[in-house]
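K.L.:
I have a structure here, written as structure tokens, and I will follow up with some questions on it.
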Amino acid sequence: MNDEGEDGGADSTAAPEAMDGLAVEGCTRCGALVDSRSQIVNGDGPADVDVLFVGEAPGANEDEDGVPFVGRSGDVLDDELADAGLARENVRITNCVRCRPPDNRDPTSEELANCRPHLEREIELVDPEVVVTLGKVPGEHLLGRDVAVTNETGSVERVDLGGSPRDVLLCLHPAATLYDASQRDAFRDTIETAATMAGASGGQSRLGDY
Ligand code: SF4
């Protein structure tokens, strides 16, 4: 967890400010993102789930709707969740940073660090069986190393998150399947792995692969 480098002068010793349960309100730690966002996009889904998905940052659709993973990428994710026996209503989806970066650029390392306490607190409160990273940026952010997500999708690593050791499952971003249809099987397999790890009925066990 890292409260260093906050643009908005937040109290680094405090719990994430204005966090009402799982929702962050009024955070101004990232000056550039405060200027570019329409709203803070908090995590979506119940608080007591076994699977927590973590993406990179809100895009234009998410910034407008206030919900992570909507639009075409969200449709791909929803379809594969349903096929794996994991209804979207039964998982939680959040992002490494909760405010849309301007021009859809990647979040900076400072912005990722600024928002990390919010994410850590969300993981602590949700206490999922598995954290699934959607794409390269969240994979590298949570594992703290370089990730070749195309090759590593489906792999699991134990990481301290939200105050406890947790299984992190690396996964492609659903948009990768829109750019390259050949990635769809790997994405589907990884979502099925998440279902298996969470004990969902639709997942076919491949725990022996870990
Ligand atoms: S990205 Fe996170 S830390 Fe930065 S302003 Fe938004 S809510 Fe605050």
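We name chains A, B, ... following the order of the structure tokens; residues begin at 1 in each chain, and ligands are numbered from 1 as shown.
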Could I get the residue neighbourhood of ligand 1 at 9 Å, counting only C-alpha atoms and all ligand atoms, as number ranges by chain?
P.N.:
A: 6-8, 16, 24-34, 37, 39-42, 57, 96-101, 107, 110-119
K.L.:
Restricting the output to N, CA and C atoms, write the selected residues as an mmCIF file, in the first residue's frame.
P.N.:
```cif
data_model
loop_
_atom_site.group_PDB
_atom_site.id
_atom_site.type_symbol
_atom_site.label_atom_id
_atom_site.label_comp_id
_atom_site.auth_asym_id
_atom_site.auth_seq_id
_atom_site.Cartn_x
_atom_site.Cartn_y
_atom_site.Cartn_z
ATOM 1 N N GLU A 6 0.589 12.090 -3.305
ATOM 2 C CA GLU A 6 -0.806 12.413 -3.554
ATOM 3 C C GLU A 6 -0.948 13.877 -3.934
ATOM 4 N N ASP A 7 -1.540 14.114 -5.094
ATOM 5 C CA ASP A 7 -1.698 15.486 -5.575
ATOM 6 C C ASP A 7 -2.611 16.302 -4.676
ATOM 7 N N GLY A 8 -3.606 15.620 -4.071
ATOM 8 C CA GLY A 8 -4.617 16.354 -3.343
ATOM 9 C C GLY A 8 -4.311 16.552 -1.882
ATOM 10 N N PRO A 16 -8.614 5.041 3.476
ATOM 11 C CA PRO A 16 -9.076 5.786 2.294
ATOM 12 C C PRO A 16 -10.209 6.740 2.653
ATOM 13 N N VAL A 24 -15.797 4.951 -2.884
ATOM 14 C CA VAL A 24 -14.962 6.123 -2.626
ATOM 15 C C VAL A 24 -15.719 7.354 -3.117
ATOM 16 N N GLU A 25 -15.756 8.373 -2.296
ATOM 17 C CA GLU A 25 -16.449 9.603 -2.683
ATOM 18 C C GLU A 25 -15.541 10.801 -2.455
ATOM 19 N N GLY A 26 -15.545 11.717 -3.405
ATOM 20 C CA GLY A 26 -14.871 12.990 -3.225
ATOM 21 C C GLY A 26 -13.362 12.938 -3.221
ATOM 22 N N CYS A 27 -12.772 11.866 -3.713
ATOM 23 C CA CYS A 27 -11.311 11.755 -3.707
ATOM 24 C C CYS A 27 -10.709 12.686 -4.761
ATOM 25 N N THR A 28 -9.679 13.434 -4.353
ATOM 26 C CA THR A 28 -9.030 14.369 -5.277
ATOM 27 C C THR A 28 -7.519 14.140 -5.309
ATOM 28 N N ARG A 29 -7.088 12.916 -5.082
ATOM 29 C CA ARG A 29 -5.656 12.643 -5.001
ATOM 30 C C ARG A 29 -4.933 12.862 -6.327
ATOM 31 N N CYS A 30 -5.609 12.602 -7.449
ATOM 32 C CA CYS A 30 -4.963 12.711 -8.766
ATOM 33 C C CYS A 30 -5.526 13.934 -9.486
ATOM 34 N N GLY A 31 -4.742 15.013 -9.498
ATOM 35 C CA GLY A 31 -5.249 16.258 -10.069
ATOM 36 C C GLY A 31 -5.686 16.125 -11.510
ATOM 37 N N ALA A 32 -4.869 15.439 -12.333
ATOM 38 C CA ALA A 32 -5.192 15.324 -13.762
ATOM 39 C C ALA A 32 -6.472 14.516 -13.975
ATOM 40 N N LEU A 33 -6.700 13.527 -13.123
ATOM 41 C CA LEU A 33 -7.880 12.680 -13.307
ATOM 42 C C LEU A 33 -9.130 13.359 -12.766
ATOM 43 N N VAL A 34 -8.969 14.172 -11.753
ATOM 44 C CA VAL A 34 -10.114 14.949 -11.272
ATOM 45 C C VAL A 34 -10.617 15.857 -12.396
ATOM 46 N N ARG A 37 -12.285 13.360 -15.313
ATOM 47 C CA ARG A 37 -13.389 12.437 -15.019
ATOM 48 C C ARG A 37 -14.735 13.155 -15.015
ATOM 49 N N GLN A 39 -17.071 11.345 -13.194
ATOM 50 C CA GLN A 39 -17.429 10.857 -11.872
ATOM 51 C C GLN A 39 -16.412 9.797 -11.459
ATOM 52 N N ILE A 40 -16.370 9.487 -10.182
ATOM 53 C CA ILE A 40 -15.576 8.357 -9.698
ATOM 54 C C ILE A 40 -16.347 7.080 -10.022
ATOM 55 N N VAL A 41 -15.654 6.119 -10.652
ATOM 56 C CA VAL A 41 -16.284 4.840 -11.000
ATOM 57 C C VAL A 41 -15.859 3.806 -9.957
ATOM 58 N N ASN A 42 -16.744 3.541 -9.025
ATOM 59 C CA ASN A 42 -16.445 2.565 -7.985
ATOM 60 C C ASN A 42 -16.701 1.157 -8.489
ATOM 61 N N ALA A 57 -8.634 0.896 -15.655
ATOM 62 C CA ALA A 57 -9.183 2.229 -15.397
ATOM 63 C C ALA A 57 -10.479 2.381 -16.181
ATOM 64 N N CYS A 96 -8.051 -0.590 -11.069
ATOM 65 C CA CYS A 96 -6.871 -0.113 -10.332
ATOM 66 C C CYS A 96 -6.990 1.366 -10.018
ATOM 67 N N VAL A 97 -7.486 2.151 -10.943
ATOM 68 C CA VAL A 97 -7.788 3.558 -10.686
ATOM 69 C C VAL A 97 -9.255 3.790 -11.029
ATOM 70 N N ARG A 98 -9.887 4.652 -10.270
ATOM 71 C CA ARG A 98 -11.343 4.807 -10.360
ATOM 72 C C ARG A 98 -11.782 6.009 -11.190
ATOM 73 N N CYS A 99 -10.828 6.719 -11.749
ATOM 74 C CA CYS A 99 -11.163 7.912 -12.541
ATOM 75 C C CYS A 99 -10.560 7.775 -13.932
ATOM 76 N N ARG A 100 -11.300 8.212 -14.936
ATOM 77 C CA ARG A 100 -10.879 8.034 -16.320
ATOM 78 C C ARG A 100 -9.678 8.923 -16.649
ATOM 79 N N PRO A 101 -8.572 8.315 -17.112
ATOM 80 C CA PRO A 101 -7.441 9.137 -17.560
ATOM 81 C C PRO A 101 -7.800 9.881 -18.846
ATOM 82 N N PRO A 107 -2.959 4.855 -16.860
ATOM 83 C CA PRO A 107 -2.705 5.585 -15.616
ATOM 84 C C PRO A 107 -1.208 5.615 -15.327
ATOM 85 N N GLU A 110 2.183 7.086 -10.453
ATOM 86 C CA GLU A 110 1.734 7.883 -9.313
ATOM 87 C C GLU A 110 0.221 7.726 -9.103
ATOM 88 N N GLU A 111 -0.539 7.730 -10.196
ATOM 89 C CA GLU A 111 -1.994 7.555 -10.066
ATOM 90 C C GLU A 111 -2.339 6.155 -9.559
ATOM 91 N N LEU A 112 -1.619 5.154 -10.057
ATOM 92 C CA LEU A 112 -1.841 3.795 -9.559
ATOM 93 C C LEU A 112 -1.557 3.720 -8.062
ATOM 94 N N ALA A 113 -0.483 4.371 -7.638
ATOM 95 C CA ALA A 113 -0.146 4.354 -6.207
ATOM 96 C C ALA A 113 -1.174 5.126 -5.396
ATOM 97 N N ASN A 114 -1.631 6.252 -5.922
ATOM 98 C CA ASN A 114 -2.650 7.039 -5.223
ATOM 99 C C ASN A 114 -3.912 6.236 -4.946
ATOM 100 N N CYS A 115 -4.316 5.428 -5.935
ATOM 101 C CA CYS A 115 -5.579 4.703 -5.826
ATOM 102 C C CYS A 115 -5.410 3.336 -5.168
ATOM 103 N N ARG A 116 -4.192 2.920 -4.950
ATOM 104 C CA ARG A 116 -3.954 1.588 -4.389
ATOM 105 C C ARG A 116 -4.633 1.392 -3.024
ATOM 106 N N PRO A 117 -4.601 2.390 -2.119
ATOM 107 C CA PRO A 117 -5.292 2.171 -0.832
ATOM 108 C C PRO A 117 -6.783 1.893 -0.997
ATOM 109 N N HIS A 118 -7.405 2.527 -1.978
ATOM 110 C CA HIS A 118 -8.831 2.251 -2.222
ATOM 111 C C HIS A 118 -9.019 0.785 -2.641
ATOM 112 N N LEU A 119 -8.148 0.322 -3.523
ATOM 113 C CA LEU A 119 -8.248 -1.057 -4.002
ATOM 114 C C LEU A 119 -7.943 -2.049 -2.883
#
```
K.L.:
Excluding same-chain residues fewer than 2 positions from segment 138-150 of chain A, what lies within 7 Å of it counting only C-alpha atoms, as a list in words?
P.N.:
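Counting only C-alpha atoms, the residues come to Val54, Gly55, Glu56, Cys96, Thr133, Leu134, Gly135, Lys136, Glu152, Thr153, Val159, Leu170, Cys171 and Leu172 of chain A.
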K.L.:
Any chance you could export the current selection's N, CA and C atoms as a PDB file, in the first residue's frame?
P.N.:
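out07.pdb, written as the output of this step:
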```
ATOM      1  N   VAL A  54     -10.357  -7.204 -11.453  1.00  0.00           N
ATOM      2  CA  VAL A  54      -9.711  -5.896 -11.364  1.00  0.00           C
ATOM      3  C   VAL A  54      -9.213  -5.495 -12.747  1.00  0.00           C
ATOM      4  N   GLY A  55      -9.771  -4.428 -13.276  1.00  0.00           N
ATOM      5  CA  GLY A  55      -9.323  -3.875 -14.546  1.00  0.00           C
ATOM      6  C   GLY A  55      -8.361  -2.716 -14.325  1.00  0.00           C
ATOM      7  N   GLU A  56      -8.088  -1.993 -15.421  1.00  0.00           N
ATOM      8  CA  GLU A  56      -7.084  -0.928 -15.369  1.00  0.00           C
ATOM      9  C   GLU A  56      -7.669   0.402 -14.910  1.00  0.00           C
ATOM     10  N   CYS A  96      -8.051  -0.590 -11.069  1.00  0.00           N
ATOM     11  CA  CYS A  96      -6.871  -0.113 -10.332  1.00  0.00           C
ATOM     12  C   CYS A  96      -6.990   1.366 -10.018  1.00  0.00           C
ATOM     13  N   THR A 133      -7.141 -10.478 -12.568  1.00  0.00           N
ATOM     14  CA  THR A 133      -6.720  -9.240 -13.208  1.00  0.00           C
ATOM     15  C   THR A 133      -7.067  -9.294 -14.683  1.00  0.00           C
ATOM     16  N   LEU A 134      -7.678  -8.246 -15.189  1.00  0.00           N
ATOM     17  CA  LEU A 134      -8.107  -8.180 -16.583  1.00  0.00           C
ATOM     18  C   LEU A 134      -7.163  -7.268 -17.364  1.00  0.00           C
ATOM     19  N   GLY A 135      -6.132  -7.865 -17.970  1.00  0.00           N
ATOM     20  CA  GLY A 135      -5.192  -7.097 -18.768  1.00  0.00           C
ATOM     21  C   GLY A 135      -3.827  -6.990 -18.117  1.00  0.00           C
ATOM     22  N   LYS A 136      -2.915  -6.391 -18.887  1.00  0.00           N
ATOM     23  CA  LYS A 136      -1.510  -6.311 -18.464  1.00  0.00           C
ATOM     24  C   LYS A 136      -1.296  -5.373 -17.274  1.00  0.00           C
ATOM     25  N   GLU A 152       0.751 -15.603 -20.120  1.00  0.00           N
ATOM     26  CA  GLU A 152       0.542 -15.969 -18.716  1.00  0.00           C
ATOM     27  C   GLU A 152      -0.922 -16.050 -18.311  1.00  0.00           C
ATOM     28  N   THR A 153      -1.836 -15.745 -19.226  1.00  0.00           N
ATOM     29  CA  THR A 153      -3.247 -15.819 -18.844  1.00  0.00           C
ATOM     30  C   THR A 153      -3.584 -17.227 -18.361  1.00  0.00           C
ATOM     31  N   VAL A 159      -0.280 -13.589  -3.608  1.00  0.00           N
ATOM     32  CA  VAL A 159       0.198 -12.225  -3.359  1.00  0.00           C
ATOM     33  C   VAL A 159      -0.496 -11.680  -2.114  1.00  0.00           C
ATOM     34  N   LEU A 170      -4.139 -14.355 -13.429  1.00  0.00           N
ATOM     35  CA  LEU A 170      -3.899 -13.439 -14.550  1.00  0.00           C
ATOM     36  C   LEU A 170      -4.840 -13.772 -15.702  1.00  0.00           C
ATOM     37  N   CYS A 171      -5.409 -12.737 -16.300  1.00  0.00           N
ATOM     38  CA  CYS A 171      -6.352 -12.932 -17.408  1.00  0.00           C
ATOM     39  C   CYS A 171      -6.157 -11.837 -18.446  1.00  0.00           C
ATOM     40  N   LEU A 172      -6.421 -12.182 -19.689  1.00  0.00           N
ATOM     41  CA  LEU A 172      -6.449 -11.184 -20.759  1.00  0.00           C
ATOM     42  C   LEU A 172      -7.536 -10.148 -20.484  1.00  0.00           C
TER      43      LEU A 172
END
```
K.L.:
Tell me, which residues of segment 32-168 of chain A carry DSSP strand (DSSP E), written as an NGL selection string?
P.N.:
:A and (51-55 or 92-95 or 130-134 or 156-161 or 164-168)
K.L.:
For N, CA and C atoms, I'd like the residues from the last selection saved as a PDB file, in the first residue's frame.
P.N.:
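The resulting file, selection-v6.pdb, is reproduced below:
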```pdb
ATOM      1  N   VAL A  51     -15.296 -13.970  -6.255  1.00  0.00           N
ATOM      2  CA  VAL A  51     -14.433 -13.552  -7.366  1.00  0.00           C
ATOM      3  C   VAL A  51     -14.479 -12.038  -7.512  1.00  0.00           C
ATOM      4  N   LEU A  52     -13.306 -11.415  -7.442  1.00  0.00           N
ATOM      5  CA  LEU A  52     -13.189  -9.975  -7.662  1.00  0.00           C
ATOM      6  C   LEU A  52     -12.327  -9.751  -8.896  1.00  0.00           C
ATOM      7  N   PHE A  53     -12.895  -9.142  -9.926  1.00  0.00           N
ATOM      8  CA  PHE A  53     -12.157  -8.783 -11.134  1.00  0.00           C
ATOM      9  C   PHE A  53     -11.589  -7.373 -10.974  1.00  0.00           C
ATOM     10  N   VAL A  54     -10.357  -7.204 -11.453  1.00  0.00           N
ATOM     11  CA  VAL A  54      -9.711  -5.896 -11.364  1.00  0.00           C
ATOM     12  C   VAL A  54      -9.213  -5.495 -12.747  1.00  0.00           C
ATOM     13  N   GLY A  55      -9.771  -4.428 -13.276  1.00  0.00           N
ATOM     14  CA  GLY A  55      -9.323  -3.875 -14.546  1.00  0.00           C
ATOM     15  C   GLY A  55      -8.361  -2.716 -14.325  1.00  0.00           C
ATOM     16  N   ARG A  92     -17.773  -9.335  -8.371  1.00  0.00           N
ATOM     17  CA  ARG A  92     -17.555  -7.902  -8.228  1.00  0.00           C
ATOM     18  C   ARG A  92     -16.461  -7.486  -9.203  1.00  0.00           C
ATOM     19  N   ILE A  93     -16.619  -6.309  -9.788  1.00  0.00           N
ATOM     20  CA  ILE A  93     -15.675  -5.813 -10.791  1.00  0.00           C
ATOM     21  C   ILE A  93     -15.251  -4.405 -10.397  1.00  0.00           C
ATOM     22  N   THR A  94     -13.937  -4.184 -10.364  1.00  0.00           N
ATOM     23  CA  THR A  94     -13.429  -2.874 -10.002  1.00  0.00           C
ATOM     24  C   THR A  94     -12.220  -2.544 -10.877  1.00  0.00           C
ATOM     25  N   ASN A  95     -11.565  -1.446 -10.609  1.00  0.00           N
ATOM     26  CA  ASN A  95     -10.415  -1.023 -11.396  1.00  0.00           C
ATOM     27  C   ASN A  95      -9.266  -0.582 -10.497  1.00  0.00           C
ATOM     28  N   VAL A 130     -10.604 -15.442  -4.998  1.00  0.00           N
ATOM     29  CA  VAL A 130      -9.640 -15.216  -6.075  1.00  0.00           C
ATOM     30  C   VAL A 130      -9.821 -13.798  -6.624  1.00  0.00           C
ATOM     31  N   VAL A 131      -8.678 -13.162  -6.914  1.00  0.00           N
ATOM     32  CA  VAL A 131      -8.656 -11.858  -7.571  1.00  0.00           C
ATOM     33  C   VAL A 131      -8.213 -12.095  -9.011  1.00  0.00           C
ATOM     34  N   VAL A 132      -9.022 -11.680  -9.976  1.00  0.00           N
ATOM     35  CA  VAL A 132      -8.724 -11.903 -11.389  1.00  0.00           C
ATOM     36  C   VAL A 132      -8.356 -10.564 -12.026  1.00  0.00           C
ATOM     37  N   THR A 133      -7.141 -10.478 -12.568  1.00  0.00           N
ATOM     38  CA  THR A 133      -6.720  -9.240 -13.208  1.00  0.00           C
ATOM     39  C   THR A 133      -7.067  -9.294 -14.683  1.00  0.00           C
ATOM     40  N   LEU A 134      -7.678  -8.246 -15.189  1.00  0.00           N
ATOM     41  CA  LEU A 134      -8.107  -8.180 -16.583  1.00  0.00           C
ATOM     42  C   LEU A 134      -7.163  -7.268 -17.364  1.00  0.00           C
ATOM     43  N   VAL A 156      -1.692 -18.576 -11.860  1.00  0.00           N
ATOM     44  CA  VAL A 156      -2.086 -18.107 -10.529  1.00  0.00           C
ATOM     45  C   VAL A 156      -0.846 -17.842  -9.699  1.00  0.00           C
ATOM     46  N   GLU A 157      -0.879 -16.727  -8.982  1.00  0.00           N
ATOM     47  CA  GLU A 157       0.230 -16.374  -8.101  1.00  0.00           C
ATOM     48  C   GLU A 157      -0.324 -15.920  -6.753  1.00  0.00           C
ATOM     49  N   ARG A 158       0.334 -16.273  -5.685  1.00  0.00           N
ATOM     50  CA  ARG A 158      -0.089 -15.898  -4.347  1.00  0.00           C
ATOM     51  C   ARG A 158       0.551 -14.551  -4.001  1.00  0.00           C
ATOM     52  N   VAL A 159      -0.280 -13.589  -3.608  1.00  0.00           N
ATOM     53  CA  VAL A 159       0.198 -12.225  -3.359  1.00  0.00           C
ATOM     54  C   VAL A 159      -0.496 -11.680  -2.114  1.00  0.00           C
ATOM     55  N   ASP A 160       0.217 -10.878  -1.332  1.00  0.00           N
ATOM     56  CA  ASP A 160      -0.404 -10.203  -0.191  1.00  0.00           C
ATOM     57  C   ASP A 160      -1.225  -9.024  -0.698  1.00  0.00           C
ATOM     58  N   LEU A 161      -2.534  -9.100  -0.487  1.00  0.00           N
ATOM     59  CA  LEU A 161      -3.449  -8.031  -0.903  1.00  0.00           C
ATOM     60  C   LEU A 161      -4.531  -7.865   0.154  1.00  0.00           C
ATOM     61  N   SER A 164      -4.053  -9.872   3.458  1.00  0.00           N
ATOM     62  CA  SER A 164      -3.938 -11.333   3.526  1.00  0.00           C
ATOM     63  C   SER A 164      -3.319 -11.868   2.235  1.00  0.00           C
ATOM     64  N   PRO A 165      -2.697 -13.035   2.299  1.00  0.00           N
ATOM     65  CA  PRO A 165      -2.243 -13.682   1.058  1.00  0.00           C
ATOM     66  C   PRO A 165      -3.445 -14.114   0.223  1.00  0.00           C
ATOM     67  N   ARG A 166      -3.375 -13.841  -1.082  1.00  0.00           N
ATOM     68  CA  ARG A 166      -4.522 -14.137  -1.945  1.00  0.00           C
ATOM     69  C   ARG A 166      -4.039 -14.725  -3.263  1.00  0.00           C
ATOM     70  N   ASP A 167      -4.908 -15.550  -3.870  1.00  0.00           N
ATOM     71  CA  ASP A 167      -4.639 -16.066  -5.199  1.00  0.00           C
ATOM     72  C   ASP A 167      -5.028 -15.012  -6.225  1.00  0.00           C
ATOM     73  N   VAL A 168      -4.046 -14.659  -7.066  1.00  0.00           N
ATOM     74  CA  VAL A 168      -4.299 -13.735  -8.171  1.00  0.00           C
ATOM     75  C   VAL A 168      -4.215 -14.523  -9.474  1.00  0.00           C
TER      76      VAL A 168
END
```
K.L.:
Would you kindly return, as a short mmCIF file (atom, residue, chain, number, x, y, z; two decimals) with C-alpha atoms, in the first residue's frame, each protein, DNA or RNA residue with an atom no farther than 12 Å from any atom of Gly21 of chain A, considering only C-alpha atoms and excluding same-chain residues fewer than 4 positions away?
P.N.:
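Contents of out-v4.cif, as written:
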```
data_model
loop_
_atom_site.label_atom_id
_atom_site.label_comp_id
_atom_site.auth_asym_id
_atom_site.auth_seq_id
_atom_site.Cartn_x
_atom_site.Cartn_y
_atom_site.Cartn_z
CA ALA A 15 -7.88 4.87 5.82
CA PRO A 16 -9.08 5.79 2.29
CA GLU A 17 -10.93 9.03 2.80
CA GLU A 25 -16.45 9.60 -2.68
CA ASN A 42 -16.45 2.56 -7.99
CA GLY A 43 -16.53 -1.21 -8.03
CA PRO A 46 -22.10 -7.48 -4.16
CA ALA A 47 -19.68 -7.08 -1.26
CA HIS A 118 -8.83 2.25 -2.22
CA ARG A 121 -9.48 -1.62 1.20
CA GLU A 122 -11.98 -3.02 -1.30
CA ILE A 123 -10.12 -6.36 -1.43
CA GLU A 124 -9.99 -6.44 2.37
CA LEU A 125 -13.73 -5.81 2.70
CA VAL A 126 -14.81 -8.19 -0.08
#
```
K.L.:
Kindly give the distance, in Å, that separates atom CA of Gly71 of chain A and atom CA of Gly199 of chain A, rounded to a single decimal.
P.N.:
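According to the coordinates, atom CA of Gly71 of chain A and atom CA of Gly199 of chain A are separated by 27.8 Å.
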K.L.:
For Asp185 of chain A, find every residue with an atom within 12 Å (counting only C-alpha atoms), except residues of its own chain fewer than 5 positions away, and show them as a list of chain:residue names.
P.N.:
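With the cut-off at 12 Å, the set is A:Val76, A:Glu80, A:Thr150, A:Thr153, A:Gly154, A:Cys171, A:Leu172, A:Pro174, A:Ala176, A:Thr177, A:Asp180, A:Thr190, A:Ile191, A:Glu192.
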K.L.:
Which residue gives the smallest distance to Arg88 of chain A among A:Ala175, A:Ala181, A:Ala195, A:Ala186, with only C-alpha atoms counted?
P.N.:
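Among the listed residues, the smallest separation from Arg88 of chain A belongs to A:Ala195.
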K.L.:
Apply DSSP to the backbone of this structure and, from segment 8-207 of chain A, keep only the residues in alpha helix (DSSP H); write these as a VMD selection string.
P.N.:
chain A and resid 31 to 36 60 to 65 71 to 83 109 to 126 136 to 143 149 to 152 175 to 179 184 to 198
K.L.:
Would you work out the distance separating atom CA of Asp79 of chain A from atom CA of Leu22 of chain A, expressed in Å to one decimal?
P.N.:
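Between these atoms lies a distance of 25.6 Å.
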K.L.:
Compile the contact shell of Asn61 of chain A as an NGL selection string: residues with an atom at most 7 Å away, counting only C-alpha atoms, same-chain residues fewer than 2 positions apart removed.
P.N.:
:A and (59 or 63-65 or 70-71)
K.L.:
For those residues, write C-alpha atoms to a file as a PDB file, in the first residue's frame.
P.N.:
```pdb
ATOM      1  CA  GLY A  59     -12.954   4.241 -20.258  1.00  0.00           C
ATOM      2  CA  ASP A  63     -16.976   7.274 -17.081  1.00  0.00           C
ATOM      3  CA  GLU A  64     -20.388   8.108 -18.494  1.00  0.00           C
ATOM      4  CA  ASP A  65     -22.310   5.269 -16.812  1.00  0.00           C
ATOM      5  CA  VAL A  70     -19.691  -1.772 -19.833  1.00  0.00           C
ATOM      6  CA  GLY A  71     -19.798  -1.545 -23.645  1.00  0.00           C
TER       7      GLY A  71
END
```
K.L.:
Between A:His173, A:Arg188, A:Ala23, A:Leu86, which residue has the minimum interatomic distance to Ser73 of chain A, considering only C-alpha atoms?
P.N.:
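Among the listed residues, the smallest separation from Ser73 of chain A belongs to A:His173.
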K.L.:
Taking into account only C-alpha atoms, which residue in the set A:Asp44, A:Asp35, A:Asp83, A:Asp50 is nearest to Glu62 of chain A?
P.N.:
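Using only C-alpha atoms, the shortest distance to Glu62 of chain A belongs to A:Asp44.
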K.L.:
Please, what distance in Å, to one decimal, runs between atom CA of Thr108 of chain A and atom CA of Leu77 of chain A?
P.N.:
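So the two atoms, atom CA of Thr108 of chain A and atom CA of Leu77 of chain A, lie 25.4 Å apart.
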